[in-house]
Each structure stands twice: as structure tokens, then as C-alpha cells.
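> This is the content of entry.txt (compact mmCIF, C-alpha atoms):
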```
# COMPACT_ATOMS: atom_id res chain seq x y z
CA MET A 968 0.00 0.00 0.00
CA MET A 969 2.86 2.35 0.86
CA LYS A 970 4.44 1.62 -2.50
CA ASN A 971 1.21 2.54 -4.29
CA PHE A 972 1.09 5.77 -2.31
CA LYS A 973 4.56 6.62 -3.60
CA TYR A 974 3.35 6.15 -7.16
CA LEU A 975 0.53 8.60 -6.44
CA LEU A 976 2.99 11.17 -5.09
CA LEU A 977 5.15 10.83 -8.20
CA THR A 978 2.18 11.58 -10.45
CA LEU A 979 1.02 14.65 -8.50
CA PRO A 980 3.47 17.04 -10.28
CA LEU A 981 2.11 15.82 -13.62
CA LEU A 982 -1.46 16.57 -12.53
CA ILE A 983 -0.53 20.00 -11.21
CA THR A 984 1.35 21.06 -14.38
CA SER A 985 -1.51 19.76 -16.52
CA CYS A 986 -4.06 22.06 -14.88
CA VAL A 987 -5.12 25.27 -16.65
CA THR A 988 -4.40 28.25 -14.40
CA THR A 989 -6.12 31.63 -14.27
CA LYS A 990 -3.14 33.14 -16.09
CA ASP A 991 -3.95 30.89 -19.05
CA VAL A 992 -7.58 31.98 -19.39
CA ARG A 993 -7.82 35.53 -18.05
CA TYR A 994 -8.06 38.18 -20.78
CA MET A 995 -5.75 41.21 -20.98
CA GLN A 996 -3.82 40.87 -17.75
CA PRO A 997 -1.81 43.97 -16.68
CA ASN A 998 1.75 44.21 -17.96
CA GLU A 999 4.36 46.96 -18.18
CA SER A 1000 4.49 47.01 -21.97
CA LEU A 1001 1.08 48.67 -22.38
CA VAL A 1002 1.48 52.08 -24.06
CA ILE A 1003 -0.74 54.85 -22.71
CA ASN A 1004 -0.75 58.58 -23.44
CA GLU A 1005 -0.26 61.49 -21.05
CA GLU A 1006 -3.95 61.35 -20.15
CA GLY A 1007 -3.69 57.73 -19.10
CA LEU A 1008 -5.64 56.48 -22.13
CA VAL A 1009 -4.79 53.67 -24.54
CA PRO A 1010 -4.41 55.32 -27.99
CA TYR A 1011 -6.54 53.95 -30.80
CA ASN A 1012 -4.53 52.00 -33.35
CA VAL A 1013 -7.26 51.25 -35.88
CA PRO A 1014 -5.81 50.25 -39.29
CA ILE A 1015 -7.39 51.83 -42.36
CA TYR A 1016 -8.95 49.25 -44.66
CA ARG A 1017 -7.69 49.36 -48.24
CA VAL A 1018 -9.65 47.74 -51.02
CA THR A 1019 -8.18 44.63 -52.65
CA LYS A 1020 -8.89 42.73 -55.85
CA ASN A 1021 -12.13 40.70 -55.81
CA ASP A 1022 -13.71 42.92 -53.14
CA ILE A 1023 -17.38 43.76 -53.65
CA LEU A 1024 -18.57 47.28 -52.86
CA ASN A 1025 -22.00 48.76 -52.28
CA LEU A 1026 -22.54 52.02 -54.20
CA ASN A 1027 -25.61 54.14 -53.60
CA ILE A 1028 -25.95 57.58 -55.19
CA ILE A 1029 -28.68 59.58 -53.49
CA THR A 1030 -30.52 62.03 -55.73
CA THR A 1031 -34.01 63.04 -56.89
CA PRO A 1032 -36.24 60.98 -59.22
CA LYS A 1033 -36.20 63.73 -61.84
CA GLY A 1034 -33.41 65.92 -63.14
CA ASP A 1035 -29.90 65.65 -64.56
CA ALA A 1036 -28.86 62.79 -62.29
CA SER A 1037 -32.14 60.84 -62.39
CA GLN A 1038 -30.36 57.73 -63.71
CA PHE A 1039 -28.81 57.43 -60.26
CA TYR A 1040 -32.12 57.79 -58.41
CA SER A 1041 -31.91 55.76 -55.21
CA SER A 1042 -34.65 53.84 -53.43
CA LEU A 1043 -33.22 55.30 -50.21
CA ASN A 1044 -35.08 58.49 -51.11
CA THR A 1045 -38.41 56.69 -50.88
CA SER A 1046 -39.64 56.10 -47.36
CA GLY A 1047 -40.24 52.40 -46.76
CA SER A 1048 -39.48 51.57 -50.39
CA SER A 1049 -38.86 47.95 -51.34
CA VAL A 1050 -37.60 48.76 -54.83
CA ALA A 1051 -35.12 46.17 -56.05
CA PRO A 1052 -31.55 47.56 -56.14
CA SER A 1053 -30.09 48.53 -59.49
CA ALA A 1054 -26.47 48.30 -60.61
CA ASN A 1055 -25.52 51.62 -59.01
CA ASN A 1056 -28.02 51.22 -56.19
CA ALA A 1057 -26.51 47.90 -55.20
CA ALA A 1058 -28.01 46.08 -52.25
CA SER A 1059 -29.40 49.20 -50.61
CA GLY A 1060 -31.23 46.91 -48.24
CA SER A 1061 -28.92 43.90 -48.25
CA GLY A 1062 -26.49 45.14 -45.66
CA GLY A 1063 -29.18 45.99 -43.15
CA GLY A 1064 -29.41 49.24 -41.27
CA GLY A 1065 -28.51 47.92 -37.83
CA ALA A 1066 -25.30 47.17 -36.04
CA GLY A 1067 -25.93 43.47 -35.54
CA ILE A 1068 -23.66 40.52 -36.04
CA VAL A 1069 -24.87 37.59 -38.09
CA GLY A 1070 -23.46 34.40 -39.50
CA GLY A 1071 -22.61 33.64 -43.07
CA GLY A 1072 -25.86 32.37 -44.52
CA GLY A 1073 -26.04 28.66 -43.83
CA GLY A 1074 -22.41 27.92 -44.61
CA ARG A 1075 -22.57 29.13 -48.22
CA GLY A 1076 -20.44 32.17 -47.50
CA GLY A 1077 -21.02 35.74 -48.56
CA ASN A 1078 -24.16 37.77 -49.23
CA VAL A 1079 -26.03 36.59 -52.35
CA SER A 1080 -27.79 39.91 -53.05
CA PHE A 1081 -24.57 41.82 -52.46
CA TYR A 1082 -22.67 39.49 -54.80
CA PHE A 1083 -25.05 39.89 -57.75
CA ASN A 1084 -25.74 43.61 -57.32
CA GLY A 1085 -22.50 45.02 -55.90
CA LEU A 1086 -19.57 46.60 -57.70
CA LYS A 1087 -16.83 44.00 -58.10
CA VAL A 1088 -13.17 45.01 -58.04
CA ASP A 1089 -11.78 43.34 -61.16
CA SER A 1090 -8.41 41.69 -61.81
CA LYS A 1091 -6.95 45.11 -62.71
CA GLY A 1092 -8.11 46.58 -59.42
CA ASP A 1093 -10.84 48.73 -61.00
CA ILE A 1094 -14.58 49.14 -60.54
CA ASN A 1095 -16.90 50.06 -63.40
CA VAL A 1096 -19.53 52.61 -62.37
CA PHE A 1097 -22.39 52.91 -64.86
CA GLY A 1098 -22.51 56.41 -66.34
CA ILE A 1099 -19.06 57.30 -65.04
CA GLY A 1100 -16.68 54.58 -66.22
CA TYR A 1101 -13.75 52.74 -64.66
CA ILE A 1102 -12.28 53.96 -61.37
CA LYS A 1103 -9.16 52.64 -59.67
CA ALA A 1104 -10.09 50.96 -56.39
CA GLU A 1105 -7.31 48.56 -55.35
CA GLY A 1106 -5.09 49.87 -52.56
CA ARG A 1107 -7.33 52.86 -51.87
CA THR A 1108 -9.58 53.61 -48.92
CA ILE A 1109 -13.36 53.67 -49.16
CA GLU A 1110 -13.33 57.40 -48.36
CA ASP A 1111 -10.85 58.12 -51.17
CA ILE A 1112 -12.87 56.21 -53.77
CA THR A 1113 -16.09 57.86 -52.55
CA ALA A 1114 -14.56 61.32 -52.97
CA GLU A 1115 -13.51 60.58 -56.57
CA ILE A 1116 -16.94 59.25 -57.51
CA GLN A 1117 -18.57 62.27 -55.88
CA GLN A 1118 -16.27 64.59 -57.87
CA LYS A 1119 -17.12 62.88 -61.16
CA VAL A 1120 -20.84 63.02 -60.38
CA ASN A 1121 -20.56 66.74 -59.60
CA GLU A 1122 -18.67 67.35 -62.86
CA ASN A 1123 -21.29 65.63 -65.00
CA PHE A 1124 -24.43 66.63 -63.15
CA GLN A 1125 -25.68 69.44 -60.97
CA GLU A 1126 -23.40 69.89 -57.98
CA GLY A 1127 -25.02 69.67 -54.57
CA LYS A 1128 -27.96 67.59 -55.82
CA THR A 1129 -26.41 64.17 -55.21
CA GLU A 1130 -24.66 62.28 -52.42
CA VAL A 1131 -22.38 59.29 -52.99
CA ARG A 1132 -22.37 56.49 -50.41
CA LEU A 1133 -19.87 53.66 -50.84
CA ASN A 1134 -19.42 50.78 -48.41
CA THR A 1135 -18.34 47.19 -48.04
CA ASP A 1136 -20.92 44.71 -46.74
CA GLY A 1137 -19.91 45.52 -43.16
CA ILE A 1138 -16.84 43.90 -41.59
CA THR A 1139 -16.79 40.28 -42.75
CA TYR A 1140 -14.45 38.01 -40.81
CA TYR A 1141 -13.96 34.29 -40.27
CA ILE A 1142 -13.33 32.30 -37.09
CA LEU A 1143 -11.84 28.82 -37.38
CA GLY A 1144 -11.25 26.54 -34.40
CA ASP A 1145 -11.42 22.90 -33.43
CA VAL A 1146 -14.49 20.70 -33.05
CA GLU A 1147 -15.21 22.10 -29.58
CA THR A 1148 -15.65 25.62 -31.00
CA SER A 1149 -18.34 24.59 -33.49
CA GLY A 1150 -20.68 27.26 -32.13
CA LEU A 1151 -18.02 29.92 -32.63
CA THR A 1152 -16.50 28.80 -35.93
CA GLY A 1153 -17.86 30.30 -39.14
CA GLU A 1154 -18.29 33.40 -41.28
CA LYS A 1155 -19.37 36.50 -39.34
CA VAL A 1156 -20.54 39.94 -40.45
CA ALA A 1157 -20.46 43.05 -38.26
CA HIS A 1158 -22.32 46.11 -39.48
CA LYS A 1159 -20.11 48.49 -37.52
CA ASN A 1160 -17.38 50.99 -38.34
CA THR A 1161 -14.85 49.38 -35.98
CA LEU A 1162 -14.68 46.01 -34.27
CA THR A 1163 -12.08 44.74 -31.77
CA ILE A 1164 -11.22 41.06 -31.54
CA THR A 1165 -12.53 40.94 -27.97
CA GLU A 1166 -15.84 42.39 -29.17
CA ALA A 1167 -15.99 39.85 -31.99
CA LEU A 1168 -15.33 36.93 -29.64
CA ALA A 1169 -17.72 38.23 -26.98
CA ILE A 1170 -20.57 38.62 -29.47
CA ASN A 1171 -20.00 35.04 -30.59
CA GLY A 1172 -19.96 33.53 -27.09
CA GLY A 1173 -16.30 33.85 -26.06
CA LEU A 1174 -13.56 31.22 -25.89
CA ASN A 1175 -13.69 28.00 -23.89
CA ARG A 1176 -10.81 26.69 -21.79
CA THR A 1177 -9.41 24.47 -24.52
CA ILE A 1178 -8.35 27.47 -26.65
CA ASP A 1179 -4.81 28.82 -26.32
CA ARG A 1180 -5.42 32.53 -25.74
CA LYS A 1181 -1.67 33.19 -25.99
CA ASN A 1182 -1.49 31.95 -29.57
CA ILE A 1183 -4.30 33.49 -31.62
CA VAL A 1184 -3.31 33.59 -35.32
CA ILE A 1185 -4.72 36.21 -37.69
CA HIS A 1186 -4.51 36.11 -41.49
CA ARG A 1187 -5.09 39.62 -42.85
CA LYS A 1188 -5.82 40.34 -46.49
CA LEU A 1189 -3.84 43.29 -47.86
CA PRO A 1190 -3.50 44.62 -51.43
CA GLU A 1191 0.06 43.24 -51.49
CA GLY A 1192 -0.84 39.80 -50.13
CA ILE A 1193 -1.78 38.03 -46.90
CA LYS A 1194 -0.13 39.10 -43.63
CA ILE A 1195 0.14 36.51 -40.83
CA ALA A 1196 0.29 37.70 -37.22
CA LYS A 1197 0.01 36.21 -33.73
CA ILE A 1198 -1.50 37.96 -30.73
CA ASP A 1199 -1.70 37.12 -27.03
CA LEU A 1200 -5.11 37.88 -25.55
CA THR A 1201 -3.84 37.34 -22.00
CA ARG A 1202 -1.73 40.54 -22.18
CA GLU A 1203 -3.34 43.96 -21.97
CA ASP A 1204 -0.78 45.45 -24.37
CA VAL A 1205 -2.62 43.58 -27.11
CA MET A 1206 -4.72 46.77 -27.25
CA ASN A 1207 -1.71 48.55 -28.79
CA SER A 1208 -1.60 46.11 -31.70
CA PRO A 1209 -3.24 46.96 -35.06
CA TYR A 1210 -4.43 43.34 -35.06
CA PHE A 1211 -6.55 44.08 -31.99
CA TYR A 1212 -8.99 45.62 -34.48
CA VAL A 1213 -10.69 43.23 -36.88
CA GLN A 1214 -10.54 44.20 -40.55
CA ASN A 1215 -12.76 43.13 -43.41
CA GLY A 1216 -11.64 39.69 -44.63
CA ASP A 1217 -9.67 38.74 -41.48
CA GLU A 1218 -9.34 35.04 -40.67
CA ILE A 1219 -9.03 34.36 -36.92
CA LEU A 1220 -7.50 30.94 -36.21
CA LEU A 1221 -8.01 29.48 -32.73
CA ASN A 1222 -5.41 26.93 -31.60
CA THR A 1223 -6.16 24.17 -29.08
CA ARG A 1224 -3.94 23.81 -26.04
CA ALA A 1225 -1.64 20.79 -26.05
CA LYS A 1226 -2.88 20.01 -22.52
CA SER A 1227 -6.42 19.73 -23.83
CA LEU A 1228 -5.39 17.45 -26.69
CA ASN A 1229 -3.89 14.88 -24.30
CA GLY A 1230 -6.97 14.88 -22.08
CA PHE A 1231 -5.61 17.13 -19.33
CA GLY A 1232 -6.25 20.74 -18.51
CA LYS A 1233 -9.89 21.30 -19.43
CA ASP A 1234 -10.88 21.72 -15.77
CA PRO A 1235 -9.43 20.63 -12.37
CA ILE A 1236 -12.01 17.89 -11.78
CA GLN A 1237 -11.43 16.35 -15.19
CA THR A 1238 -7.66 16.56 -14.71
CA LEU A 1239 -7.88 14.85 -11.33
CA THR A 1240 -10.29 12.22 -12.65
CA THR A 1241 -8.07 11.49 -15.63
CA GLY A 1242 -4.98 11.24 -13.41
CA VAL A 1243 -6.64 8.87 -10.95
CA SER A 1244 -7.88 6.74 -13.85
CA VAL A 1245 -4.36 6.52 -15.29
CA ILE A 1246 -2.90 5.54 -11.92
CA THR A 1247 -5.62 2.95 -11.28
CA THR A 1248 -5.17 1.42 -14.71
CA ALA A 1249 -1.38 1.29 -14.30
CA LEU A 1250 -1.64 -0.37 -10.90
CA SER A 1251 -4.20 -2.88 -12.16
CA ILE A 1252 -1.94 -3.87 -15.05
CA TYR A 1253 1.03 -4.09 -12.67
CA LEU A 1254 -0.84 -6.36 -10.22
CA LEU A 1255 -2.17 -8.50 -13.07
CA LEU A 1256 1.30 -9.03 -14.51
CA LYS A 1257 2.75 -9.67 -11.07
CA ASN A 1258 0.26 -12.45 -10.34
CA LEU A 1259 0.83 -14.21 -13.65
```
Take the structure I supplied and represent it as C-alpha cells, if you would.


Amino acid sequence: MMKNFKYLLLTLPLLITSCVTTKDVRYMQPNESLVINEEGLVPYNVPIYRVTKNDILNLNIITTPKGDASQFYSSLNTSGSSVAPSANNAASGSGGGGAGIVGGGGGRGGNVSFYFNGLKVDSKGDINVFGIGYIKAEGRTIEDITAEIQQKVNENFQEGKTEVRLNTDGITYYILGDVETSGLTGEKVAHKNTLTITEALAINGGLNRTIDRKNIVIHRKLPEGIKIAKIDLTREDVMNSPYFYVQNGDEILLNTRAKSLNGFGKDPIQTLTTGVSVITTALSIYLLLKNL
């Protein structure tokens, strides 16, 4: 019996190191690397989204139903209108007016109405606006493209009688994890101007204990290519990172802890139960072989 007790003592360090501690799961723990300004505030480090090839944009030119710019007449001018969107009035109702977060449409991916009615950025990085012509879009901000379209509309039609509105279909991002994050994994759309990764995860239910918060991988789509970055959500200086803010097209990859893969570390009770089971099985095999 004393010998068996020694075996139990030898396995205790393994059980202790296999447990997930509060430092492993607590978000944004204080650390000295956090940069704050003279007012004690964390400066915003929101990256500016730049359009890339194959993006789809929503263009709506607001004007009156009659006059020089009538070809751009928008259903947004009609209260409660359900007029189907035209080529330059693309998906005026498809993006929704709220600030909600929704999934990706039954696993198909993307917004069907937005896809068929939106302005597609072609292989040359241009968009073709009916009545105006081709405009360079790749590598430019939404505000910059909007200003150019507004200028061209003012040049060709009566200035001050139209308003150009150009948008993406919100912030579309993707979360990919293991089988235990099935409720979190998928395509997500946020109809907001800015979205932090903590906001995105909170809206989608948060992370369980099996996810390694210190090793969150982000694939970011840029005009030049895809940038790969890693962030640590257990450190508060993550707020200084440009990857703290989700951009349109971001892929957020959630890695499973090694402790969780081997059966340990999900919670203390499970760790203890697993350890006792291992010890009991080992002793049973030992006694069986000894009596043979």
C-alpha cells in the first residue's frame, strides 16, 4: 500500500502542471508594456482598410427621381421603399441598417444579393460605375474612392444635388477553431465601423478553456498579399496592436492547447479524474502481470 502511495505522489506534479491556471484563461492581464498617453488612455490603433482585388462594394448615389442625375435615383429616397436595387443602387437593403452581427448564410459564405448587385473590383483593381466609367479601387480607402466618384458626379451633373455612399458589406471576418468551437466557428458579419477582436469573440460567445489565448493567429488580407500575425489575448498590451482591431476579410484561427489534446487541462475535476484513472489502470496492469 505504501508503494502505491509513492506512485501517487510521483504523479502529482504531472497533474498540477496539466491544470489550466487563471493566467492561461484571463483576458488582458496587466503588464508593463502597455502604451498609454499622457492622459492615461490607450491610444486607438485602428488600421485603415484598403480595397483589394475581388472585393465587392456597395454604391448608392442619393438624388431626386427627376433631373440631370435621375439615372442614379436611389430607393433610399423613398420612405419604406422595397424597390429592387439597381447596378448603381446595389443592395441598398442587403447590408441591413442595424449594427448586428450575423453568420454567413447557412455555410454558403457571402451575401447573395450583395454578390449579384455590388460593384466587383476586377483583376486590374478597377470598378466600373455605370454612367461614369472605370475607377481605380485597389489599394485605396473607401473614403478616397467615394470622394472621386462624388467629384465625377458633380462634374457631370448638378453639384449639390447628389450624395455618394460607398461601403463594403460591413466587416466580414472568419473564425476557425477545433471541433469544440463549433458554435463559434464560421463566417461573421459586423455592421459596424470598428470592431475589436474581444468584441468579436464576446458577441460570438467567447472562448472556452481548450483554446490557447496566448497563440491566436490572424490572417489579414492586404492589397500586397496576406499578412500573418500572432497575438496574445492574456496581455493587456494587445490593445496597442493593429491586429486588436478586426478588418474586413480577417481570418481568426483558434489553436487548441496541447494540454487539452492529451486529455488534461480542461478543468481541475477532469484533470484529477483522468490522473486517478491513469494511476488505477497502471496499478491494475502491474498487479495483473505480477500475479501471472

> Might you pull out every residue within 7 Å of Gly1137 of chain A, with all atoms listed in the file counted and same-chain residues fewer than 4 positions away left off, and present them as a count of residues only?

4

> Go through A:Arg1224, A:Arg1107, A:Lys1128, A:Arg1187 and flag the residue nearest Gly1144 of chain A, using all atoms listed in the file for the distances.

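Answer, going by the shortest atom-to-atom distance: A:Arg1224.
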
> In Å, how far is it from atom CA of Asn1004 of chain A to atom CA of Gln1214 of chain A?

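Pair atom CA of Asn1004 of chain A / atom CA of Gln1214 of chain A returns 24.4 Å.
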
> If I take atom CA of Gly1216 of chain A and atom CA of Tyr1082 of chain A, how far is one from the other in Å, to one decimal?

15.0 Å

> I'd like to know which of A:Ser1000, A:Asn1171, A:Asn1027, A:Gln1118 is closest to Ile1142 of chain A, using all atoms listed in the file.

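Checking each of A:Ser1000, A:Asn1171, A:Asn1027, A:Gln1118 against Ile1142 of chain A, counting all atoms listed in the file, the winner is A:Asn1171.
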
> Here is a test: counting only C-alpha atoms, which residue of A:Ile1099, A:Ile1198, A:Leu1174, A:Val1120 is nearest to Leu1151 of chain A?

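Using only C-alpha atoms, the shortest distance to Leu1151 of chain A belongs to A:Leu1174.
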
> Hey, which of A:Met1206, A:Val1184, A:Ala1167, A:Ile1109 ends up closest to Tyr1016 of chain A? Count only C-alpha atoms.

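The closest residue to Tyr1016 of chain A is A:Ile1109.
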
> Separation of atom CA of Asp1136 of chain A and atom CA of Val1013 of chain A, in Å?

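Rounded to one decimal, the two atoms are 18.6 Å apart.
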
> Which is closest to Leu1220 of chain A among A:Asn1160, A:Thr1148, A:Thr1019, A:Thr1248, if we use all atoms listed in the file?

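Looking at the shortest contact to Leu1220 of chain A, the residue is A:Thr1148.
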